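In what follows, a structure is listed as structure tokens, so that the remarks can point back to it.
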Amino acid sequence: MLSEHLLFFFSALGAFNGLALALYLWFAGKASVAQRALAVLILMVSVRTGKSVAFYFLPDTPASVMQAGLTACLLIGPSLYFFTRTNLCTSGEWGRFELVHGSLLTIVAVSLNLFFPYADYASLWHSAIVSTGNWLWLIYLLISTALLVQQRHRLPAGSARLLLLGVTAGLWLIWLAYLTSGFTSYIVGALSFSFVLYLCGAVAWGLRQGQAPVEPYQDRRIPAAEAAAELQQLANLMSGERLYLDPSLTLARVSRRLGIPQARLSQLLNDNNGTPFKHYVAQLRVVETQRLLLQQPAQTLEAIAEAAGFQSMSTFYAAFKKANGCTPALFRERSNTTETGFSSAGTANKTLI
């Protein structure tokens, strides 16, 4: 009896905490698209495992709970795919393909619930829909894993990379637990989710505890001669290797490449150069976009912003307008007009000659 109570406690606790975490990620501050994609993924897994707990321990589980859980099973794989794509996309936003893809899946899920309610079509849900959900989960797992391998050069840095890889590995574990439940126990899937959730939480807490705080600025200013030399080294590194094109570039990474402490580099940029690191990198990216706007007049603004290292169009527009006093489109239009004027003037001179 005690073991049954413990089994219920640990399996249900994971589902409940997953729901709470999903809500927190969705509504916490200015949530990014990647954060909200993770929230949806955790929500789908929580609802799916919560249904498993109810079905295992409560013989008279309401039809609405069963229907919600099986619907969530259909969407776990796609949610992982969207989370993966968002983390690998340099703009940090969904493209047209993701939006259309997600809309179609949502329409299918809503249509199933409206036209084939579980209360009237229980056999359909337990056969075709359950099988489809498990296969979709596997297919999207394979696609997401293939994307991670194929685009490993685009993986985010630091804890974001560990989170992405950990979530993918955790979804594999949970899927395998449900696949082998016929040989073990149906509740193993829910228990595996609890295990993955708390393991990820423990690892995240450990990483945060292990991070050394950035040293504060020193009381004295860096001598002008030293600062000029080190800022020139920074400029040479940026122009030579064009690190600013990497959207996940961090102050810590640049400091390691230069071989100077992170706190000193931050002080160099803020005190001696008068530009915070993010603004310094944004200025370099703006210069890159100016070059691309002139050299690639047929290219879209979205493609140019992505090629220059901007993570979002809003950041691109704000930085460009601050630096140039006009929008990228107006900058391109003025440049084309100037070139056309010079070309016309040259033609006129040739005619007079």
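Chain lettering (A, B, ...) mirrors the order of the structure tokens, residue numbering begins at 1 for each chain separately, and ligand numbering begins at 1 in order of display.
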
Contacts of region 220-224 of chain A within 10 Å, only C-alpha atoms, excl. fewer than 2 positions in-chain, as a PyMOL selection string: chain A and resi 217-218+226-230+264+267-268+271-272

Set out as JSON lines a contact list for region 188-294 of chain A and region 13-27 of chain A with a cut-off of 10 Å, giving each residue of region 188-294 of chain A that qualifies its closest atom pair and distance in Å to one decimal, counting only C-alpha atoms, ordered by chain and rising residue number.
```
{"residue": "A:Ala190", "atom": "CA", "partner": "A:Ala15", "partner_atom": "CA", "distance": 7.4}
{"residue": "A:Leu191", "atom": "CA", "partner": "A:Gly14", "partner_atom": "CA", "distance": 7.5}
{"residue": "A:Ser192", "atom": "CA", "partner": "A:Gly14", "partner_atom": "CA", "distance": 9.0}
{"residue": "A:Phe193", "atom": "CA", "partner": "A:Gly14", "partner_atom": "CA", "distance": 6.5}
{"residue": "A:Ser194", "atom": "CA", "partner": "A:Gly14", "partner_atom": "CA", "distance": 4.1}
{"residue": "A:Phe195", "atom": "CA", "partner": "A:Gly14", "partner_atom": "CA", "distance": 7.8}
{"residue": "A:Val196", "atom": "CA", "partner": "A:Gly14", "partner_atom": "CA", "distance": 9.0}
{"residue": "A:Leu197", "atom": "CA", "partner": "A:Gly14", "partner_atom": "CA", "distance": 7.0}
{"residue": "A:Tyr198", "atom": "CA", "partner": "A:Gly14", "partner_atom": "CA", "distance": 8.0}
```

Could you give me, as a PyMOL selection string, the residues within 12 Å of region 53-60 of chain A, counting only C-alpha atoms and dropping anything in the same chain fewer than 2 positions from it? chain A and resi 4-5+7-16+46-51+62-70+185-191+193-194

Those residues you just picked out, can you put them in a file as an mmCIF file, in the first residue's frame with N, CA and C atoms?
```cif
data_model
loop_
_atom_site.group_PDB
_atom_site.id
_atom_site.type_symbol
_atom_site.label_atom_id
_atom_site.label_comp_id
_atom_site.auth_asym_id
_atom_site.auth_seq_id
_atom_site.Cartn_x
_atom_site.Cartn_y
_atom_site.Cartn_z
ATOM 1 N N GLU A 4 2.355 1.901 -3.383
ATOM 2 C CA GLU A 4 1.392 2.479 -4.316
ATOM 3 C C GLU A 4 1.249 3.983 -4.091
ATOM 4 N N HIS A 5 1.221 4.379 -2.813
ATOM 5 C CA HIS A 5 1.116 5.807 -2.511
ATOM 6 C C HIS A 5 2.356 6.567 -2.978
ATOM 7 N N LEU A 7 4.352 5.661 -5.387
ATOM 8 C CA LEU A 7 4.315 5.642 -6.844
ATOM 9 C C LEU A 7 3.408 6.742 -7.378
ATOM 10 N N PHE A 8 2.240 6.872 -6.777
ATOM 11 C CA PHE A 8 1.310 7.926 -7.187
ATOM 12 C C PHE A 8 1.903 9.306 -6.920
ATOM 13 N N PHE A 9 2.541 9.455 -5.758
ATOM 14 C CA PHE A 9 3.081 10.761 -5.375
ATOM 15 C C PHE A 9 4.134 11.231 -6.370
ATOM 16 N N PHE A 10 5.119 10.386 -6.666
ATOM 17 C CA PHE A 10 6.222 10.803 -7.528
ATOM 18 C C PHE A 10 5.787 10.970 -8.985
ATOM 19 N N SER A 11 4.883 10.136 -9.458
ATOM 20 C CA SER A 11 4.432 10.271 -10.844
ATOM 21 C C SER A 11 3.536 11.493 -11.019
ATOM 22 N N ALA A 12 2.637 11.725 -10.056
ATOM 23 C CA ALA A 12 1.749 12.883 -10.149
ATOM 24 C C ALA A 12 2.479 14.185 -9.893
ATOM 25 N N LEU A 13 3.502 14.152 -9.020
ATOM 26 C CA LEU A 13 4.233 15.375 -8.702
ATOM 27 C C LEU A 13 4.962 15.917 -9.933
ATOM 28 N N GLY A 14 5.512 15.005 -10.739
ATOM 29 C CA GLY A 14 6.187 15.451 -11.951
ATOM 30 C C GLY A 14 5.232 16.141 -12.908
ATOM 31 N N ALA A 15 4.049 15.552 -13.099
ATOM 32 C CA ALA A 15 3.065 16.156 -13.996
ATOM 33 C C ALA A 15 2.605 17.514 -13.479
ATOM 34 N N PHE A 16 2.363 17.608 -12.169
ATOM 35 C CA PHE A 16 1.904 18.873 -11.592
ATOM 36 C C PHE A 16 2.980 19.957 -11.710
ATOM 37 N N SER A 46 3.438 17.224 -19.806
ATOM 38 C CA SER A 46 2.784 17.181 -18.490
ATOM 39 C C SER A 46 1.349 16.674 -18.605
ATOM 40 N N VAL A 47 0.622 17.162 -19.597
ATOM 41 C CA VAL A 47 -0.754 16.711 -19.790
ATOM 42 C C VAL A 47 -0.782 15.234 -20.168
ATOM 43 N N ARG A 48 0.160 14.833 -21.026
ATOM 44 C CA ARG A 48 0.226 13.428 -21.429
ATOM 45 C C ARG A 48 0.521 12.518 -20.236
ATOM 46 N N THR A 49 1.506 12.853 -19.443
ATOM 47 C CA THR A 49 1.854 12.017 -18.291
ATOM 48 C C THR A 49 0.809 12.125 -17.193
ATOM 49 N N GLY A 50 0.184 13.293 -17.068
ATOM 50 C CA GLY A 50 -0.899 13.428 -16.091
ATOM 51 C C GLY A 50 -2.063 12.514 -16.413
ATOM 52 N N LYS A 51 -2.351 12.372 -17.706
ATOM 53 C CA LYS A 51 -3.394 11.426 -18.116
ATOM 54 C C LYS A 51 -3.002 9.997 -17.753
ATOM 55 N N PRO A 62 -12.317 10.658 -16.115
ATOM 56 C CA PRO A 62 -13.247 11.352 -17.016
ATOM 57 C C PRO A 62 -12.771 11.317 -18.464
ATOM 58 N N ALA A 63 -13.726 11.287 -19.370
ATOM 59 C CA ALA A 63 -13.401 11.248 -20.794
ATOM 60 C C ALA A 63 -12.621 12.486 -21.224
ATOM 61 N N SER A 64 -12.912 13.630 -20.609
ATOM 62 C CA SER A 64 -12.214 14.864 -20.982
ATOM 63 C C SER A 64 -10.730 14.782 -20.656
ATOM 64 N N VAL A 65 -10.380 14.116 -19.536
ATOM 65 C CA VAL A 65 -8.974 13.959 -19.173
ATOM 66 C C VAL A 65 -8.278 13.040 -20.169
ATOM 67 N N MET A 66 -8.932 11.952 -20.528
ATOM 68 C CA MET A 66 -8.354 11.031 -21.501
ATOM 69 C C MET A 66 -8.152 11.725 -22.845
ATOM 70 N N GLN A 67 -9.142 12.498 -23.255
ATOM 71 C CA GLN A 67 -9.061 13.173 -24.548
ATOM 72 C C GLN A 67 -7.940 14.204 -24.557
ATOM 73 N N ALA A 68 -7.814 14.962 -23.474
ATOM 74 C CA ALA A 68 -6.746 15.968 -23.392
ATOM 75 C C ALA A 68 -5.365 15.311 -23.418
ATOM 76 N N GLY A 69 -5.210 14.217 -22.682
ATOM 77 C CA GLY A 69 -3.918 13.554 -22.633
ATOM 78 C C GLY A 69 -3.501 12.962 -23.960
ATOM 79 N N LEU A 70 -4.441 12.343 -24.663
ATOM 80 C CA LEU A 70 -4.114 11.737 -25.952
ATOM 81 C C LEU A 70 -3.897 12.794 -27.032
ATOM 82 N N SER A 185 5.780 -1.333 -16.828
ATOM 83 C CA SER A 185 4.520 -0.853 -16.251
ATOM 84 C C SER A 185 4.115 0.412 -16.978
ATOM 85 N N TYR A 186 2.819 0.620 -17.131
ATOM 86 C CA TYR A 186 2.315 1.778 -17.860
ATOM 87 C C TYR A 186 2.736 3.081 -17.189
ATOM 88 N N ILE A 187 2.899 3.053 -15.866
ATOM 89 C CA ILE A 187 3.203 4.277 -15.130
ATOM 90 C C ILE A 187 4.666 4.686 -15.270
ATOM 91 N N VAL A 188 5.485 3.833 -15.891
ATOM 92 C CA VAL A 188 6.907 4.144 -16.049
ATOM 93 C C VAL A 188 7.108 5.405 -16.880
ATOM 94 N N GLY A 189 6.241 5.639 -17.862
ATOM 95 C CA GLY A 189 6.362 6.846 -18.677
ATOM 96 C C GLY A 189 6.250 8.107 -17.851
ATOM 97 N N ALA A 190 5.254 8.144 -16.943
ATOM 98 C CA ALA A 190 5.077 9.311 -16.072
ATOM 99 C C ALA A 190 6.241 9.450 -15.105
ATOM 100 N N LEU A 191 6.716 8.321 -14.575
ATOM 101 C CA LEU A 191 7.854 8.370 -13.654
ATOM 102 C C LEU A 191 9.121 8.861 -14.359
ATOM 103 N N PHE A 193 9.234 10.970 -16.794
ATOM 104 C CA PHE A 193 9.122 12.418 -16.945
ATOM 105 C C PHE A 193 9.503 13.119 -15.654
ATOM 106 N N SER A 194 9.033 12.608 -14.529
ATOM 107 C CA SER A 194 9.411 13.184 -13.232
ATOM 108 C C SER A 194 10.924 13.137 -13.057
#
```

Determine, counting only C-alpha atoms, which protein, DNA and RNA residues have an atom within 10 Å of an atom of Ala329 (chain A); residues of the same chain fewer than 5 positions away are not included. Present the result as a PyMOL selection string. chain A and resi 293+300-301+317+334-335

Go ahead and save the residues from that selection, with all heavy atoms, as a compact mmCIF listing (two decimals), in the first residue's frame.
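Produced file again37.txt, reproduced below:
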```
# COMPACT_ATOMS: atom_id res chain seq x y z
N LEU A 293 23.46 45.63 -47.93
CA LEU A 293 22.39 46.36 -48.60
C LEU A 293 22.87 46.95 -49.93
O LEU A 293 22.12 47.01 -50.91
CB LEU A 293 21.87 47.48 -47.69
CG LEU A 293 20.98 47.04 -46.52
CD1 LEU A 293 20.76 48.20 -45.56
CD2 LEU A 293 19.64 46.52 -47.02
N THR A 300 16.47 40.08 -49.43
CA THR A 300 15.47 40.58 -48.49
C THR A 300 16.13 41.13 -47.23
O THR A 300 17.25 40.73 -46.87
CB THR A 300 14.49 39.47 -48.09
OG1 THR A 300 15.21 38.44 -47.38
CG2 THR A 300 13.82 38.87 -49.31
N LEU A 301 15.44 42.02 -46.54
CA LEU A 301 15.97 42.59 -45.30
C LEU A 301 16.13 41.51 -44.23
O LEU A 301 17.06 41.56 -43.43
CB LEU A 301 15.04 43.70 -44.80
CG LEU A 301 14.93 44.94 -45.69
CD1 LEU A 301 13.97 45.95 -45.09
CD2 LEU A 301 16.31 45.58 -45.89
N TYR A 317 16.23 46.65 -36.78
CA TYR A 317 15.68 47.96 -37.14
C TYR A 317 16.11 49.03 -36.15
O TYR A 317 16.47 50.15 -36.54
CB TYR A 317 14.16 47.89 -37.21
CG TYR A 317 13.63 47.33 -38.52
CD1 TYR A 317 12.93 46.14 -38.55
CD2 TYR A 317 13.83 48.00 -39.72
CE1 TYR A 317 12.44 45.61 -39.74
CE2 TYR A 317 13.35 47.49 -40.92
CZ TYR A 317 12.66 46.29 -40.92
OH TYR A 317 12.19 45.78 -42.09
N ARG A 334 17.86 55.28 -50.90
CA ARG A 334 18.72 56.45 -51.14
C ARG A 334 19.99 56.04 -51.87
O ARG A 334 20.46 56.76 -52.76
CB ARG A 334 19.07 57.10 -49.81
CG ARG A 334 17.90 57.83 -49.14
CD ARG A 334 18.31 58.35 -47.77
NE ARG A 334 17.24 59.11 -47.14
CZ ARG A 334 17.30 59.58 -45.88
NH1 ARG A 334 18.40 59.35 -45.15
NH2 ARG A 334 16.30 60.25 -45.38
N SER A 335 20.55 54.89 -51.49
CA SER A 335 21.78 54.42 -52.15
C SER A 335 21.54 54.14 -53.62
O SER A 335 22.34 54.50 -54.48
CB SER A 335 22.29 53.16 -51.45
OG SER A 335 22.55 53.42 -50.08
```

For Val149 (chain A), the nearest of the candidates A:Leu265, A:Val281, A:Leu88, A:Thr180, counting only C-alpha atoms: A:Leu88

When DSSP works through the backbone of this structure, what residues of region 19-241 of chain A end up as helix (DSSP H, G or I), shown as a PyMOL selection string? chain A and resi 19-27+33-57+63-88+96-115+122-150+152-154+159-179+188-210+224-241

Please provide the set of residues having any atom within 8 Å of Gly77 (chain A), restricted to only C-alpha atoms, with same-chain residues fewer than 5 positions apart removed, written as a ChimeraX atom specification. /A:136-141

Residue selection dump (N, CA, C and O atoms) as an mmCIF file, in the first residue's frame:
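The resulting file, out17.cif, is reproduced below:
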```cif
data_model
loop_
_atom_site.group_PDB
_atom_site.id
_atom_site.type_symbol
_atom_site.label_atom_id
_atom_site.label_comp_id
_atom_site.auth_asym_id
_atom_site.auth_seq_id
_atom_site.Cartn_x
_atom_site.Cartn_y
_atom_site.Cartn_z
ATOM 1 N N LEU A 136 4.168 9.841 -34.514
ATOM 2 C CA LEU A 136 4.542 11.244 -34.710
ATOM 3 C C LEU A 136 5.637 11.651 -33.738
ATOM 4 O O LEU A 136 6.589 12.362 -34.098
ATOM 5 N N TRP A 137 5.493 11.228 -32.500
ATOM 6 C CA TRP A 137 6.494 11.519 -31.480
ATOM 7 C C TRP A 137 7.860 11.011 -31.942
ATOM 8 O O TRP A 137 8.860 11.730 -31.889
ATOM 9 N N LEU A 138 7.912 9.774 -32.424
ATOM 10 C CA LEU A 138 9.172 9.191 -32.880
ATOM 11 C C LEU A 138 9.712 9.917 -34.113
ATOM 12 O O LEU A 138 10.917 10.219 -34.192
ATOM 13 N N ILE A 139 8.840 10.200 -35.074
ATOM 14 C CA ILE A 139 9.290 10.850 -36.313
ATOM 15 C C ILE A 139 9.902 12.217 -36.024
ATOM 16 O O ILE A 139 10.983 12.560 -36.520
ATOM 17 N N TYR A 140 9.213 13.000 -35.191
ATOM 18 C CA TYR A 140 9.740 14.325 -34.873
ATOM 19 C C TYR A 140 10.983 14.249 -33.997
ATOM 20 O O TYR A 140 11.847 15.140 -34.054
ATOM 21 N N LEU A 141 11.085 13.218 -33.168
ATOM 22 C CA LEU A 141 12.319 13.010 -32.414
ATOM 23 C C LEU A 141 13.494 12.789 -33.364
ATOM 24 O O LEU A 141 14.576 13.356 -33.188
#
```

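Distances from A:Ser103, A:Ser159, A:Ser144, A:Gln151 to Phe82 (chain A) were compared using only C-alpha atoms, and the smallest one belongs to A:Ser144.
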
Between CA of Ala34 (chain A) and CA of Thr84 (chain A), distance in Å (one decimal): 8.4 Å

Contacts of region 107-115 of chain A at 9 Å (only C-alpha atoms; same-chain gap of 5+ positions) as a PDB file with N, CA and C atoms, in the first residue's frame:
```pdb
ATOM      1  N   GLN A  67      -9.142  12.498 -23.255  1.00  0.00           N
ATOM      2  CA  GLN A  67      -9.061  13.173 -24.548  1.00  0.00           C
ATOM      3  C   GLN A  67      -7.940  14.204 -24.557  1.00  0.00           C
ATOM      4  N   ALA A  68      -7.814  14.962 -23.474  1.00  0.00           N
ATOM      5  CA  ALA A  68      -6.746  15.968 -23.392  1.00  0.00           C
ATOM      6  C   ALA A  68      -5.365  15.311 -23.418  1.00  0.00           C
ATOM      7  N   THR A  71      -4.599  13.909 -26.924  1.00  0.00           N
ATOM      8  CA  THR A  71      -4.350  15.013 -27.854  1.00  0.00           C
ATOM      9  C   THR A  71      -2.952  15.579 -27.649  1.00  0.00           C
ATOM     10  N   ALA A  72      -2.562  15.713 -26.380  1.00  0.00           N
ATOM     11  CA  ALA A  72      -1.216  16.209 -26.072  1.00  0.00           C
ATOM     12  C   ALA A  72      -0.149  15.282 -26.639  1.00  0.00           C
ATOM     13  N   LEU A  74      -0.252  13.716 -29.372  1.00  0.00           N
ATOM     14  CA  LEU A  74      -0.091  14.038 -30.789  1.00  0.00           C
ATOM     15  C   LEU A  74       0.836  15.228 -31.015  1.00  0.00           C
ATOM     16  N   LEU A  75       0.929  16.111 -30.023  1.00  0.00           N
ATOM     17  CA  LEU A  75       1.629  17.376 -30.204  1.00  0.00           C
ATOM     18  C   LEU A  75       2.993  17.428 -29.532  1.00  0.00           C
ATOM     19  N   GLY A 102       2.644  24.743 -37.741  1.00  0.00           N
ATOM     20  CA  GLY A 102       1.967  24.750 -36.449  1.00  0.00           C
ATOM     21  C   GLY A 102       0.469  24.976 -36.571  1.00  0.00           C
TER      22      GLY A 102
END
```

Residues near Arg154 (chain A), anyone? I mean within 9 Å using only C-alpha atoms, not counting same-chain ones fewer than 2 positions away, as a list in words.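 So, after excluding close chain neighbours, the residues are Asn87, Leu88, Cys89, Thr90, Leu148, Gln151, Arg152, Pro156, Ala157, Asp246 and Ser248 of chain A.
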
Expected file: the selected residues, N, CA, C and O atoms, as a compact mmCIF listing (two decimals), in the first residue's frame:
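Okay, this is what ended up in result.txt:
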```txt
# COMPACT_ATOMS: atom_id res chain seq x y z
N ASN A 87 15.70 27.35 -31.51
CA ASN A 87 17.04 27.50 -30.94
C ASN A 87 18.12 27.52 -32.02
O ASN A 87 19.17 28.13 -31.82
N LEU A 88 17.87 26.86 -33.14
CA LEU A 88 18.87 26.81 -34.20
C LEU A 88 18.76 27.99 -35.15
O LEU A 88 19.70 28.29 -35.89
N CYS A 89 17.61 28.64 -35.17
CA CYS A 89 17.39 29.78 -36.07
C CYS A 89 18.11 31.01 -35.52
O CYS A 89 17.95 31.35 -34.35
N THR A 90 18.91 31.67 -36.34
CA THR A 90 19.68 32.81 -35.86
C THR A 90 18.81 34.00 -35.49
O THR A 90 19.18 34.81 -34.65
N LEU A 148 19.87 18.68 -35.02
CA LEU A 148 20.93 19.01 -34.06
C LEU A 148 22.29 18.56 -34.58
O LEU A 148 23.29 19.25 -34.40
N GLN A 151 23.09 20.73 -37.97
CA GLN A 151 23.35 22.15 -37.73
C GLN A 151 24.02 22.37 -36.38
O GLN A 151 23.72 23.33 -35.67
N ARG A 152 24.93 21.47 -36.02
CA ARG A 152 25.59 21.59 -34.71
C ARG A 152 26.42 22.87 -34.60
O ARG A 152 26.69 23.34 -33.49
N PRO A 156 23.25 26.87 -29.71
CA PRO A 156 23.52 28.00 -28.81
C PRO A 156 24.63 27.66 -27.84
O PRO A 156 24.95 26.48 -27.62
N ALA A 157 25.21 28.66 -27.25
CA ALA A 157 26.33 28.45 -26.34
C ALA A 157 25.86 28.27 -24.91
O ALA A 157 24.72 28.59 -24.55
N ASP A 246 28.24 35.86 -35.50
CA ASP A 246 27.65 34.80 -34.69
C ASP A 246 26.61 35.41 -33.77
O ASP A 246 26.95 36.21 -32.89
N SER A 248 25.08 34.26 -31.29
CA SER A 248 25.21 33.84 -29.89
C SER A 248 26.52 34.31 -29.27
O SER A 248 26.93 33.81 -28.22
```

Using only C-alpha atoms: which of A:Thr61, A:Asn236, A:Thr315, A:Ser79 has the shortest distance to Ala37 (chain A):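 Among A:Thr61, A:Asn236, A:Thr315, A:Ser79, it is A:Ser79 that comes nearest to Ala37 (chain A).
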